[in-house]
Structure formats: structure tokens, C-alpha cells
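Novice: Provided herewith: protein_22.tsv, TSV, C-alpha atoms.
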```tsv
chain	number	residue	atom	x	y	z
A	1	MET	CA	-16.63	-11.63	-8.88
A	2	VAL	CA	-13.02	-10.57	-8.23
A	3	PRO	CA	-10.90	-11.22	-11.35
A	4	PHE	CA	-7.50	-12.84	-11.09
A	5	ARG	CA	-4.49	-10.63	-11.68
A	6	GLN	CA	-1.81	-13.10	-10.58
A	7	PHE	CA	-1.34	-16.48	-12.20
A	8	LEU	CA	1.12	-18.84	-10.50
A	9	LEU	CA	2.25	-21.59	-12.86
A	10	LYS	CA	3.90	-24.76	-11.57
A	11	ILE	CA	6.14	-25.23	-14.56
A	12	HIS	CA	8.19	-28.01	-12.94
A	13	SER	CA	6.81	-30.25	-10.21
A	14	ARG	CA	10.08	-31.70	-8.92
A	15	CYS	CA	12.99	-30.12	-7.04
A	16	ASN	CA	16.76	-30.45	-6.75
A	17	LEU	CA	16.72	-29.76	-3.00
A	18	ALA	CA	15.20	-31.71	-0.11
A	19	CYS	CA	14.10	-28.97	2.30
A	20	SER	CA	12.85	-30.30	5.63
A	21	TYR	CA	9.93	-27.85	5.84
A	22	CYS	CA	8.76	-28.01	2.22
A	23	TYR	CA	4.98	-27.71	2.05
A	24	VAL	CA	4.87	-29.36	-1.39
A	25	TYR	CA	6.78	-32.57	-0.64
A	26	GLU	CA	6.73	-32.91	3.16
A	27	ALA	CA	3.18	-31.81	4.06
A	28	ALA	CA	-0.25	-33.48	4.01
A	29	ASP	CA	-0.97	-33.14	0.28
A	30	GLN	CA	1.13	-35.47	-1.86
A	31	SER	CA	-0.56	-34.79	-5.21
A	32	TRP	CA	2.82	-33.86	-6.73
A	33	ARG	CA	3.49	-37.59	-7.09
A	34	ASP	CA	0.83	-37.85	-9.79
A	35	ARG	CA	1.79	-34.69	-11.71
A	36	PRO	CA	3.93	-34.62	-14.85
A	37	ARG	CA	7.45	-33.39	-14.18
A	38	ARG	CA	7.07	-30.26	-16.26
A	39	MET	CA	4.34	-28.17	-17.81
A	40	GLU	CA	4.39	-29.03	-21.50
A	41	LEU	CA	3.85	-26.43	-24.20
A	42	PRO	CA	0.28	-27.44	-25.08
A	43	THR	CA	-0.65	-26.86	-21.43
A	44	VAL	CA	1.19	-23.53	-21.43
A	45	ARG	CA	-0.53	-22.53	-24.66
A	46	ARG	CA	-3.96	-23.40	-23.26
A	47	THR	CA	-3.19	-21.52	-20.04
A	48	ALA	CA	-2.09	-18.44	-22.01
A	49	ARG	CA	-5.34	-18.54	-23.97
A	50	ARG	CA	-7.35	-18.76	-20.74
A	51	ILE	CA	-5.43	-15.83	-19.26
A	52	GLY	CA	-6.15	-13.77	-22.37
A	53	GLU	CA	-9.86	-14.59	-22.23
A	54	HIS	CA	-10.06	-13.68	-18.55
A	55	ALA	CA	-8.16	-10.42	-19.00
A	56	GLU	CA	-10.31	-9.35	-21.95
A	57	ARG	CA	-13.54	-10.13	-20.15
A	58	HIS	CA	-12.54	-8.06	-17.12
A	59	GLY	CA	-10.72	-5.25	-18.91
A	60	LEU	CA	-7.31	-6.09	-17.44
A	61	ASP	CA	-4.47	-4.49	-19.37
A	62	GLU	CA	-1.76	-6.13	-17.23
A	63	VAL	CA	-1.37	-9.39	-15.30
A	64	THR	CA	1.46	-11.05	-13.39
A	65	VAL	CA	2.64	-14.58	-14.15
A	66	VAL	CA	4.71	-16.22	-11.41
A	67	LEU	CA	6.83	-19.20	-12.46
A	68	HIS	CA	7.07	-21.68	-9.64
A	69	GLY	CA	7.68	-25.30	-8.75
A	70	GLY	CA	9.16	-27.51	-7.41
A	71	GLU	CA	12.17	-25.82	-8.90
A	72	PRO	CA	11.06	-23.95	-12.04
A	73	LEU	CA	14.53	-23.62	-13.59
A	74	LEU	CA	14.74	-27.40	-13.94
A	75	VAL	CA	12.78	-26.96	-17.18
A	76	GLY	CA	16.00	-25.74	-18.83
A	77	ALA	CA	16.70	-22.66	-20.91
A	78	ALA	CA	15.08	-23.81	-24.17
A	79	HIS	CA	11.78	-24.86	-22.63
A	80	LEU	CA	11.72	-21.77	-20.41
A	81	ASP	CA	12.15	-19.55	-23.44
A	82	ALA	CA	9.41	-21.35	-25.36
A	83	LEU	CA	6.87	-21.16	-22.53
A	84	LEU	CA	7.63	-17.49	-21.86
A	85	ARG	CA	7.02	-16.72	-25.54
A	86	GLU	CA	3.65	-18.46	-25.34
A	87	LEU	CA	2.66	-16.58	-22.18
A	88	ALA	CA	3.87	-13.23	-23.51
A	89	GLY	CA	1.33	-13.58	-26.30
A	90	ALA	CA	-1.58	-14.11	-23.93
A	91	GLY	CA	-3.14	-10.72	-24.76
A	92	PRO	CA	-2.59	-8.34	-21.85
A	93	ARG	CA	0.82	-7.03	-20.87
A	94	VAL	CA	2.46	-9.75	-18.77
A	95	ARG	CA	4.91	-9.14	-15.95
A	96	PHE	CA	6.98	-12.24	-15.21
A	97	SER	CA	8.50	-13.29	-11.92
A	98	LEU	CA	10.15	-16.51	-10.82
A	99	GLN	CA	11.01	-18.04	-7.43
A	100	THR	CA	14.05	-20.32	-7.40
A	101	ASN	CA	16.61	-21.90	-5.11
A	102	GLY	CA	19.21	-20.52	-7.51
A	103	LEU	CA	21.29	-23.64	-8.12
A	104	ARG	CA	20.52	-23.95	-11.83
A	105	LEU	CA	21.74	-20.39	-12.41
A	106	LEU	CA	25.25	-21.69	-11.72
A	107	ASP	CA	24.89	-24.78	-13.92
A	108	ASP	CA	23.12	-23.35	-16.98
A	109	PRO	CA	24.37	-19.87	-18.01
A	110	ALA	CA	21.92	-19.85	-20.93
A	111	LEU	CA	19.14	-19.32	-18.41
A	112	PHE	CA	20.31	-15.74	-17.88
A	113	ASP	CA	19.88	-14.95	-21.57
A	114	VAL	CA	16.27	-16.13	-21.39
A	115	LEU	CA	15.54	-14.28	-18.16
A	116	HIS	CA	16.92	-11.03	-19.57
A	117	ARG	CA	15.09	-11.45	-22.87
A	118	HIS	CA	11.74	-11.73	-21.12
A	119	ARG	CA	12.51	-9.34	-18.22
A	120	VAL	CA	11.80	-11.95	-15.56
A	121	ALA	CA	12.11	-10.73	-11.96
A	122	VAL	CA	13.95	-13.43	-10.01
A	123	GLY	CA	13.58	-14.13	-6.29
A	124	VAL	CA	15.87	-16.60	-4.52
A	125	SER	CA	15.12	-18.64	-1.41
A	126	LEU	CA	17.96	-18.27	1.10
A	127	ASP	CA	17.54	-18.80	4.83
A	128	GLY	CA	20.00	-16.35	6.37
A	129	THR	CA	23.29	-17.60	7.81
A	130	PRO	CA	25.06	-20.71	6.48
A	131	VAL	CA	24.22	-22.66	9.64
A	132	GLN	CA	20.56	-21.65	9.51
A	133	HIS	CA	20.20	-22.32	5.78
A	134	ASP	CA	21.96	-25.67	5.87
A	135	ARG	CA	19.84	-26.85	8.80
A	136	HIS	CA	16.85	-27.17	6.49
A	137	ARG	CA	17.70	-26.56	2.83
A	138	LEU	CA	19.61	-29.70	1.91
A	139	LEU	CA	20.93	-31.23	-1.28
A	140	PRO	CA	19.58	-34.70	-2.08
A	141	SER	CA	22.94	-36.03	-0.89
A	142	GLY	CA	22.24	-34.60	2.57
A	143	GLY	CA	24.82	-31.84	2.33
A	144	GLY	CA	24.08	-28.16	2.81
A	145	SER	CA	23.20	-25.91	-0.11
A	146	TRP	CA	24.15	-22.47	1.32
A	147	ALA	CA	27.48	-22.13	-0.50
A	148	ARG	CA	25.98	-22.77	-3.93
A	149	THR	CA	22.88	-20.69	-3.25
A	150	ALA	CA	25.01	-17.78	-2.02
A	151	ALA	CA	27.16	-18.01	-5.16
A	152	ALA	CA	24.01	-17.88	-7.30
A	153	VAL	CA	22.71	-14.83	-5.41
A	154	ARG	CA	26.03	-13.03	-5.83
A	155	LEU	CA	25.89	-13.74	-9.56
A	156	LEU	CA	22.29	-12.53	-9.76
A	157	GLY	CA	23.21	-9.40	-7.82
A	158	SER	CA	26.20	-8.60	-10.00
A	159	GLU	CA	26.20	-5.53	-12.24
A	160	GLN	CA	25.56	-7.76	-15.25
A	161	HIS	CA	22.34	-9.29	-13.90
A	162	ARG	CA	21.15	-7.06	-11.06
A	163	GLU	CA	18.19	-5.74	-13.04
A	164	LEU	CA	16.67	-9.23	-12.67
A	165	PHE	CA	17.16	-9.43	-8.89
A	166	ALA	CA	13.77	-9.17	-7.15
A	167	GLY	CA	14.84	-10.17	-3.64
A	168	LEU	CA	15.34	-12.96	-1.13
A	169	LEU	CA	12.84	-15.20	0.62
A	170	CYS	CA	13.71	-16.51	4.09
A	171	VAL	CA	11.69	-18.87	6.29
A	172	VAL	CA	11.77	-17.87	9.96
A	173	ASP	CA	13.69	-20.31	12.17
A	174	LEU	CA	13.35	-19.90	15.94
A	175	ALA	CA	16.73	-21.59	16.41
A	176	ALA	CA	18.42	-18.76	14.50
A	177	ASP	CA	19.22	-15.30	15.82
A	178	PRO	CA	16.85	-12.83	14.11
A	179	VAL	CA	19.36	-9.99	13.88
A	180	ALA	CA	22.08	-12.29	12.54
A	181	THR	CA	19.58	-13.65	10.03
A	182	TYR	CA	18.62	-10.19	8.80
A	183	GLU	CA	22.22	-9.03	8.57
A	184	ALA	CA	23.26	-12.16	6.67
A	185	LEU	CA	20.53	-11.47	4.12
A	186	VAL	CA	21.23	-7.75	3.65
A	187	GLU	CA	24.88	-8.54	2.90
A	188	PHE	CA	23.63	-9.60	-0.54
A	189	ARG	CA	22.03	-6.15	-1.07
A	190	PRO	CA	18.58	-7.49	-2.01
A	191	PRO	CA	15.98	-4.95	-3.13
A	192	ARG	CA	13.46	-6.70	-0.87
A	193	LEU	CA	13.21	-9.48	1.70
A	194	ASP	CA	10.33	-11.78	2.50
A	195	LEU	CA	10.40	-13.23	6.04
A	196	LEU	CA	7.92	-16.08	5.96
A	197	LEU	CA	6.35	-17.87	8.88
A	198	PRO	CA	6.74	-21.65	8.44
A	199	HIS	CA	3.56	-23.11	7.01
A	200	ALA	CA	1.62	-24.70	9.84
A	201	THR	CA	-1.91	-25.35	11.09
A	202	TRP	CA	-3.63	-26.03	14.42
A	203	GLU	CA	-3.30	-29.73	13.51
A	204	ALA	CA	0.40	-29.48	12.61
A	205	PRO	CA	1.75	-26.65	14.81
A	206	PRO	CA	4.77	-24.50	13.92
A	207	PRO	CA	8.22	-25.80	14.83
A	208	GLY	CA	9.01	-25.07	18.45
A	209	VAL	CA	5.35	-24.59	19.41
A	210	GLY	CA	3.35	-27.26	21.21
A	211	ARG	CA	-0.10	-28.40	20.14
A	212	ARG	CA	-2.81	-25.90	21.11
A	213	GLU	CA	-6.53	-25.50	20.56
A	214	PRO	CA	-7.89	-22.60	18.46
A	215	PRO	CA	-8.65	-19.64	20.74
A	216	GLY	CA	-12.09	-18.91	22.15
A	217	ALA	CA	-13.86	-15.59	22.49
A	218	PRO	CA	-11.91	-12.41	23.22
A	219	PRO	CA	-10.10	-11.41	25.32
A	220	SER	CA	-8.68	-14.90	25.82
A	221	GLY	CA	-8.45	-15.42	22.06
A	222	CYS	CA	-6.57	-12.27	21.20
A	223	GLY	CA	-2.85	-12.47	21.66
A	224	GLY	CA	-2.76	-14.51	24.84
A	225	GLY	CA	0.06	-16.91	25.63
A	226	PRO	CA	3.57	-17.36	24.25
A	227	ALA	CA	4.41	-15.72	20.94
A	228	PRO	CA	7.91	-16.90	19.99
A	229	TYR	CA	7.54	-16.06	16.30
A	230	GLY	CA	6.21	-12.62	17.15
A	231	ASP	CA	9.17	-12.00	19.46
A	232	TRP	CA	11.58	-13.18	16.73
A	233	LEU	CA	10.03	-10.88	14.15
A	234	ILE	CA	10.04	-7.94	16.56
A	235	GLU	CA	13.82	-8.22	16.93
A	236	ALA	CA	14.21	-8.34	13.16
A	237	PHE	CA	11.81	-5.40	12.74
A	238	ASP	CA	13.69	-3.21	15.21
A	239	ARG	CA	16.99	-3.93	13.47
A	240	TRP	CA	15.43	-3.04	10.09
A	241	TYR	CA	13.48	-0.01	11.32
A	242	ASP	CA	16.36	1.46	13.34
A	243	ALA	CA	18.96	1.25	10.57
A	244	PRO	CA	20.48	4.67	9.87
A	245	ARG	CA	19.64	4.24	6.19
A	246	ARG	CA	17.20	2.10	4.24
A	247	GLU	CA	18.98	-1.18	3.58
A	248	THR	CA	16.15	-3.10	1.92
A	249	GLY	CA	12.40	-3.53	1.97
A	250	VAL	CA	10.86	-6.23	4.18
A	251	ARG	CA	7.50	-7.18	2.76
A	252	LEU	CA	5.74	-8.27	5.97
A	253	PHE	CA	6.84	-5.18	7.90
A	254	GLU	CA	5.92	-2.83	5.06
A	255	GLU	CA	2.51	-4.44	4.55
A	256	LEU	CA	1.66	-4.19	8.25
A	257	SER	CA	2.86	-0.59	8.38
A	258	VAL	CA	0.69	0.38	5.40
A	259	LEU	CA	-2.34	-1.31	6.96
A	260	LEU	CA	-1.75	0.33	10.34
A	261	LEU	CA	-1.60	3.72	8.67
A	262	GLY	CA	-4.95	3.10	7.00
A	263	GLY	CA	-3.69	2.02	3.59
A	264	ARG	CA	-4.62	-0.98	1.48
A	265	GLY	CA	-2.47	-4.09	1.68
A	266	ALA	CA	-1.40	-6.26	-1.24
A	267	SER	CA	-0.50	-9.52	0.50
A	268	GLU	CA	-2.59	-12.61	1.15
A	269	ALA	CA	-0.69	-13.13	4.43
A	270	VAL	CA	-2.17	-10.07	6.20
A	271	GLY	CA	-4.98	-7.59	5.62
A	272	LEU	CA	-8.37	-8.11	4.01
A	273	ALA	CA	-7.67	-7.58	0.31
A	274	PRO	CA	-9.60	-10.16	-1.75
A	275	VAL	CA	-7.55	-12.99	-3.18
A	276	ASP	CA	-6.62	-12.39	-6.82
A	277	LEU	CA	-4.12	-15.23	-7.28
A	278	VAL	CA	-4.80	-18.58	-8.90
A	279	VAL	CA	-2.50	-21.58	-9.38
A	280	VAL	CA	-2.13	-23.73	-12.49
A	281	GLU	CA	-0.41	-27.05	-11.86
A	282	ALA	CA	1.90	-28.77	-14.34
A	283	ASP	CA	-0.98	-30.85	-15.73
A	284	GLY	CA	-3.26	-27.82	-16.18
A	285	ALA	CA	-5.30	-28.29	-12.99
A	286	ILE	CA	-6.60	-24.99	-11.60
A	287	GLU	CA	-6.04	-24.75	-7.86
A	288	GLN	CA	-6.04	-22.37	-4.93
A	289	ALA	CA	-2.86	-21.13	-3.26
A	290	ASP	CA	-0.49	-24.05	-2.82
A	291	SER	CA	0.16	-23.15	0.83
A	292	LEU	CA	-3.13	-24.99	1.47
A	293	LYS	CA	-1.27	-28.24	0.86
A	294	VAL	CA	-0.21	-28.14	4.52
A	295	ALA	CA	-3.83	-28.68	5.61
A	296	TYR	CA	-4.94	-31.97	4.06
A	297	GLU	CA	-4.84	-33.96	0.82
A	298	GLY	CA	-6.73	-32.06	-1.87
A	299	ALA	CA	-7.16	-28.86	0.17
A	300	ALA	CA	-6.08	-26.69	-2.77
A	301	ALA	CA	-8.06	-28.59	-5.42
A	302	THR	CA	-11.06	-27.14	-7.24
A	303	GLY	CA	-11.89	-29.86	-9.75
A	304	LEU	CA	-11.22	-27.36	-12.56
A	305	ASP	CA	-8.57	-27.36	-15.28
A	306	VAL	CA	-7.54	-25.14	-18.18
A	307	TRP	CA	-8.66	-27.74	-20.74
A	308	ARG	CA	-12.34	-27.59	-19.75
A	309	HIS	CA	-12.71	-24.38	-17.76
A	310	GLY	CA	-11.91	-20.70	-17.96
A	311	PHE	CA	-10.61	-18.65	-15.07
A	312	ASP	CA	-14.04	-17.10	-14.61
A	313	ALA	CA	-15.22	-20.53	-13.44
A	314	ALA	CA	-12.43	-20.53	-10.86
A	315	ALA	CA	-13.21	-16.97	-9.73
A	316	ALA	CA	-16.82	-18.05	-9.17
A	317	HIS	CA	-15.81	-21.22	-7.29
A	318	PRO	CA	-16.97	-21.24	-3.62
A	319	ALA	CA	-13.41	-21.85	-2.41
A	320	PHE	CA	-12.20	-18.61	-3.99
A	321	ARG	CA	-15.34	-16.66	-3.11
A	322	ALA	CA	-14.87	-17.62	0.54
A	323	ARG	CA	-11.63	-15.65	0.55
A	324	GLN	CA	-13.16	-12.45	-0.81
A	325	HIS	CA	-15.64	-11.58	1.95
A	326	GLY	CA	-13.45	-9.27	4.03
A	327	MET	CA	-14.37	-9.20	7.72
A	328	ALA	CA	-17.36	-11.42	7.06
A	329	GLY	CA	-15.01	-14.19	5.97
A	330	LEU	CA	-13.07	-14.30	9.25
A	331	ALA	CA	-13.66	-16.52	12.25
A	332	ARG	CA	-16.27	-15.29	14.72
A	333	VAL	CA	-13.58	-14.77	17.34
A	334	CYS	CA	-11.88	-12.30	14.98
A	335	GLY	CA	-14.98	-10.15	14.62
A	336	ARG	CA	-14.41	-8.27	17.87
A	337	CYS	CA	-10.63	-8.12	17.63
A	338	PRO	CA	-9.24	-4.58	17.10
A	339	LEU	CA	-6.42	-6.00	14.96
A	340	ALA	CA	-8.59	-7.94	12.54
A	341	ARG	CA	-8.45	-5.41	9.69
A	342	VAL	CA	-4.66	-5.40	9.94
A	343	CYS	CA	-3.83	-9.09	10.39
A	344	GLY	CA	-6.80	-10.18	8.27
A	345	GLY	CA	-6.97	-13.42	10.22
A	346	GLY	CA	-3.50	-14.37	8.99
A	347	LEU	CA	-2.70	-16.58	6.01
A	348	TYR	CA	-5.72	-18.72	5.14
A	349	ALA	CA	-3.78	-22.01	5.28
A	350	HIS	CA	-2.62	-21.26	8.82
A	351	ARG	CA	-6.23	-21.21	10.10
A	352	TYR	CA	-6.95	-24.90	9.50
A	353	ALA	CA	-8.07	-27.02	12.46
A	354	GLY	CA	-9.47	-30.41	11.46
A	355	ALA	CA	-13.22	-30.60	11.81
A	356	GLY	CA	-13.41	-26.82	12.20
A	357	GLY	CA	-11.86	-26.31	8.78
A	358	PHE	CA	-10.55	-22.81	8.09
A	359	GLY	CA	-13.05	-21.02	10.31
A	360	ASN	CA	-10.42	-20.15	12.90
A	361	PRO	CA	-7.84	-17.44	13.56
A	362	SER	CA	-4.30	-18.15	12.43
A	363	VAL	CA	-2.23	-20.62	14.41
A	364	TYR	CA	0.09	-17.58	14.63
A	365	CYS	CA	-2.65	-15.41	16.20
A	366	ALA	CA	-0.63	-14.55	19.33
A	367	ASP	CA	2.50	-13.89	17.26
A	368	LEU	CA	0.71	-11.54	14.88
A	369	ASP	CA	-0.94	-9.75	17.78
A	370	ARG	CA	2.38	-9.08	19.47
A	371	LEU	CA	4.14	-8.03	16.26
A	372	ILE	CA	1.35	-5.70	15.10
A	373	ARG	CA	1.07	-3.96	18.46
A	374	HIS	CA	4.83	-3.46	18.55
A	375	ILE	CA	4.95	-2.00	15.04
A	376	ALA	CA	2.01	0.25	15.87
A	377	GLY	CA	3.86	1.56	18.90
A	378	ARG	CA	6.99	2.27	16.88
A	379	LEU	CA	5.00	4.00	14.15
A	380	ARG	CA	3.01	6.03	16.64
A	381	ALA	CA	6.21	7.29	18.24
A	382	GLY	CA	7.72	8.05	14.85
A	383	VAL	CA	4.79	9.94	13.38
A	384	ALA	CA	3.44	11.60	16.52
A	385	GLY	CA	1.72	14.80	15.52
A	386	LEU	CA	1.69	13.88	11.82
A	387	VAL	CA	-1.04	11.21	11.79
A	388	GLY	CA	-4.51	11.59	13.24
A	389	ALA	CA	-6.51	8.88	14.95
A	390	GLY	CA	-6.48	6.56	11.94
A	391	ALA	CA	-5.83	2.85	12.16
A	392	LEU	CA	-3.06	3.29	14.72
A	393	ALA	CA	-5.55	4.28	17.39
A	394	ARG	CA	-7.59	1.10	16.90
A	395	VAL	CA	-5.00	-1.47	17.98
A	396	ASP	CA	-5.23	-0.70	21.72
```
Would it be possible to restate this file's structure as C-alpha cells?
Specialist:
Amino acid sequence: MVPFRQFLLKIHSRCNLACSYCYVYEAADQSWRDRPRRMELPTVRRTARRIGEHAERHGLDEVTVVLHGGEPLLVGAAHLDALLRELAGAGPRVRFSLQTNGLRLLDDPALFDVLHRHRVAVGVSLDGTPVQHDRHRLLPSGGGSWARTAAAVRLLGSEQHRELFAGLLCVVDLAADPVATYEALVEFRPPRLDLLLPHATWEAPPPGVGRREPPGAPPSGCGGGPAPYGDWLIEAFDRWYDAPRRETGVRLFEELSVLLLGGRGASEAVGLAPVDLVVVEADGAIEQADSLKVAYEGAAATGLDVWRHGFDAAAAHPAFRARQHGMAGLARVCGRCPLARVCGGGLYAHRYAGAGGFGNPSVYCADLDRLIRHIAGRLRAGVAGLVGAGALARVD
């Protein structure tokens, strides 16, 4: 059994934006409609107790709690402070992080006092240039949200609050220029960027990509065909990698580089590290990663909740165990692919294909293939003579 070290809590199940690509509100799973708006303190208290039990049983002296939504800051400063106090008393040392669209930081200054008091690392979702961001991340009125989000990021990145600033999250948009996107993000001086592929499956393909069937046996299944997202990411990678000084970290590029050099990854999006993240919904339901909501109604559900079950029951659940089998847990077509230990089959949600379930490569298989091979080539040229055969030699 692999214990959980990351606990993602959906502390508010509604949002103050209407993003066109949102996997919570616009995808196949609509369970948010039946959830309470916020996680109430008895649920938080029960969750904290369950975290403490799990940590003690597995000898964990530190865990991470990620506050998520919806938009988590809609709970308000007072409720946020109360729930953080409950979670801080869970038993192990707790590191807090929070992902937000940033708008409430402008409207409720008291939130900053709470975030500082509990040392919460804050990430903000911002999709590059104003045009790119406002194409998808809309206010309920239909207007763009870039101006307000940018103001919130500048405030977060100010000298007064910068210690809270964890980074920016950007969803890749093929209609946007990758270099312009990267440069718009680094203007805010984030400590790290996340460039995320839009959540998609073989049943609901990525934007700009036509419907395809999951690939067959290699070599036809490994990297064949168009790879527009791979090409986009390659342009962004080269701009980042070729900068005369380190401007920021980019999580996807760093993870792939570590894996190519024979290291151990720490992301569920690539690599073969066993999943150690569990989700608790606003009503206390224990679920898998919420990205699975793009697949079908109930794809993330386990039938467990913090009122009746501990996290050991979740860790033993077949749905979680299926994501802890390394190479054995990948699709058969991945077994002979030289990139499999690096891409790890891609994000689990992106493998879904109707009757075939999740037993497929990622819908971004060709894109990951192209990106990984490009990064390997750049790394090989940069470390020639310093690195032996290692993982770099196995991507050819």
C-alpha cells in the first residue's frame, strides 16, 4: 500500500469565473451540482482527524494539503482561517498550498492576513497574454478576467506578499503563440510555471485535434501523426532553455528533464511514480484526482467518505492501486515504447477511450513523444561528455 502524502480538499465547490475549458463544470461529470457550496467545519475536522490517523499509521511526519475548488477563496477569510486551524492540528506537520483565480485577493484584503498566518503557498491560474486569457477565462457577465487576475498576481508578487507566491498555472492554447505566452507569464516573475495540456480523452479530443482512435502496436502507436501540442511546447521549451539566465522553473520541462537523466519524477502527469494524492470533496466524499471528471460521470468516485472510512481504505481501493503498478499499469502498446518510463503513459485521465477505459496511451501520445525526444536531444547536446548512457540513450 502506498500512503497518501497529498490531500486535495475542495473547500468551495462553486466558482466566480466561467472558464470554457473547465473540467469541473463543463466536462462529463456534473456531480458538483449536488455538492454543498463549501466544506463546513465538521467535515474539515473529520478530514483532519483522518489525515492524522493515516500519517501516524504510516510514520509520515509531513503531509501537503492543497486547498482547491471551484474557487477556494470564496469561503472568505474567517472560514478559511478556521479550517486552516483545524487542519494544522491534524498531527503531522502540514504544508498548505492553494490554487486560485486570484480575484478574491483584490476584494477581500483580510485573506492575505490568513494566508500569511498559515504560510499558505498560493498559485494563480493565468493563461498568458490578455487575448489568450480572455478567450477562455471569462467573468459570469461574459467579460474577460485578465485585467483583474493580473492585478491580483502583481499584488501577490509584491514585496509585501511575495513569500506566498508559488507560481502561475497556464493551460496551453494552440491559438496562442507559445513564446508570447511564456514571455507574458515571466513578466510577473513567478517562481515556477505550470503549462498544462487541456484535459481531454480519446472520446473528447483536445481542442484543435480531430477525433482519432487509440494507437495500435508500435511503431505505428509511438509518436506517429500530427503533434500540435508537442510542437507548441517545444517552442516554449526552447525559449525557456535558451534564456541567458534562469527566469523561472517550468514544471513539465523540469520533470521530463529529471526523468530523462535517470532521476525520479514527482508529477502524476509524467513518469511512473505511484499516485500519492487523494481528493476530499466539499461533502466529505473521498475521490481520485478530479481530472478524471473529463472521462464520464462518476469516474473519480470511490464510494468512500471521511465519515465512514479512513484514508487507508482509499489507498487500498482498486482504483488507486491501479495507478501504482508502474510499467505493469500501462497499456500494452506502451510496454515496448522506449519513452514509457519517461512519459509514464501520460496523465491517467487523458487515456480514457469509452469501452476500452483507461487501458490506452494518452490522447497526447504523439505530442509527448515529440516533446520528450526534443528535450532529450537538447540535454544530450548540453551534457555531452558529462552523462553516460543513462536514460538519454534509451529514447532513440
Novice: Any idea what's packed within 8 Å of Cys19 of chain A, counting all atoms listed in the file, ignoring anything in its chain fewer than 5 positions away? Could you give it as an MDAnalysis selection string?
Specialist: chainID A and resid 136:138
Novice: Box for segment 334-352 of chain A: with edges along x, y and z, all listed atoms inside and 6 Å added on each side, what are the centre and edge lengths in Å to one decimal, as JSON?
Specialist:
```
{"center_x": -8.8, "center_y": -14.7, "center_z": 11.5, "size_x": 24.4, "size_y": 32.3, "size_z": 24.7}
```
Novice: List every residue of segment 63-136 of chain A that has an atom at most 10 Å from any atom of segment 275-291 of chain A, and for each one report the closest atom pair and its distance in Å to one decimal, counting only C-alpha atoms, with rows sorted by chain and then by increasing residue number, as a tab-separated table.
Specialist:
```
residue	atom	partner	partner_atom	distance
A:Thr64	CA	A:Leu277	CA	9.3
A:Val65	CA	A:Leu277	CA	9.7
A:Val66	CA	A:Val279	CA	9.2
A:His68	CA	A:Glu281	CA	9.5
A:Gly69	CA	A:Ala282	CA	8.8
```
Novice: Is there a way to get, as number ranges by chain, all residues within 9 Å of the point (9.6, -32.3, -13.6) in file coordinates, counting only C-alpha atoms?
Specialist: A: 11-15, 35-39, 69-72, 74-75, 282
Novice: With all atoms listed in the file as the basis for distance, which of A:Ala166, A:Ala295, A:Ala180, A:Asp231 is at the shortest distance from Thr248 of chain A?
Specialist: A:Ala166
Novice: From the list A:Glu254, A:Pro214, A:Ala227, A:Asp312, which residue is nearest Arg57 of chain A when using all atoms listed in the file?
Specialist: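 Ranking A:Glu254, A:Pro214, A:Ala227, A:Asp312 by distance to Arg57 of chain A, first place goes to A:Asp312.
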Novice: Quick one: contact table of segment 129-161 of chain A to segment 183-186 of chain A, 12 Å max, nearest atom pair and distance in Å to one decimal per residue, counting all atoms listed in the file, chain and number order, as CSV?
Specialist:
```
residue,atom,partner,partner_atom,distance
A:Thr129,CA,A:Ala184,CA,5.6
A:Pro130,CA,A:Ala184,CA,8.7
A:Val131,CA,A:Ala184,CA,11.0
A:Gln132,CA,A:Ala184,CA,10.3
A:His133,CA,A:Ala184,CA,10.6
A:Trp146,CA,A:Ala184,CA,11.6
A:Ala150,CA,A:Leu185,CA,9.9
A:Val153,CA,A:Leu185,CA,10.3
A:Arg154,CA,A:Leu185,CA,11.5
A:Gly157,CA,A:Val186,CA,11.8
```
Novice: Name the closest residue to Gly89 of chain A among the candidates A:His58, A:Thr47, A:Thr302, A:Phe112; distances are taken between atoms, counting all atoms listed in the file.
Specialist: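 Answer, going by the shortest atom-to-atom distance: A:Thr47.
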Novice: Just to confirm, what's the straight-line distance from atom CA of Ala331 of chain A to atom CA of Leu272 of chain A in Å (one decimal)?
Specialist: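 Rounded to one decimal, the two atoms are 12.9 Å apart.
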Novice: Give me the residues near segment 369-373 of chain A as a PyMOL selection string, where near means some atom within 7 Å (using all atoms listed in the file) and where sequence neighbours in that chain fewer than 2 positions away do not count.
Specialist: chain A and resi 223+230+233-234+365-367+375-377+395
Novice: Could you work out how far atom CA of Arg321 of chain A lies from atom CA of Val2 of chain A, giving the answer in Å with one decimal?
Specialist: 8.3 Å
Novice: Between atom CA of Leu156 of chain A and atom CA of Arg85 of chain A, what is the spacing in Å?
Specialist: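 We find that atom CA of Arg85 of chain A and atom CA of Leu156 of chain A lie 22.4 Å from each other.
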Novice: Looking at A:His54, A:Arg135, A:Arg211, A:Arg45, which one is nearest to Tyr21 of chain A, with distances taken over only C-alpha atoms?
Specialist: A:Arg135
Novice: Check the smallest atom-to-atom distance from each of A:Gly143, A:Ala48, A:Lys10, A:Phe4 to Trp307 of chain A using all atoms listed in the file, then report the winner.
Specialist: A:Ala48
Novice: Which is closer to Ala175 of chain A than all the others in A:Leu261, A:Trp232, A:Ser267, A:Gly356, using only C-alpha atoms?
Specialist: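 Closest residue, counting only C-alpha atoms: A:Trp232.
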Novice: Quick one: everything within 12 Å of Phe253 of chain A, counting all atoms listed in the file, minus sequence neighbours fewer than 6 positions away in the same chain. Send it as a PyMOL selection string.
Specialist: chain A and resi 192-196+230+233-241+259-260+265+267+269-270+342-343+368+371-372+374-376+378-379
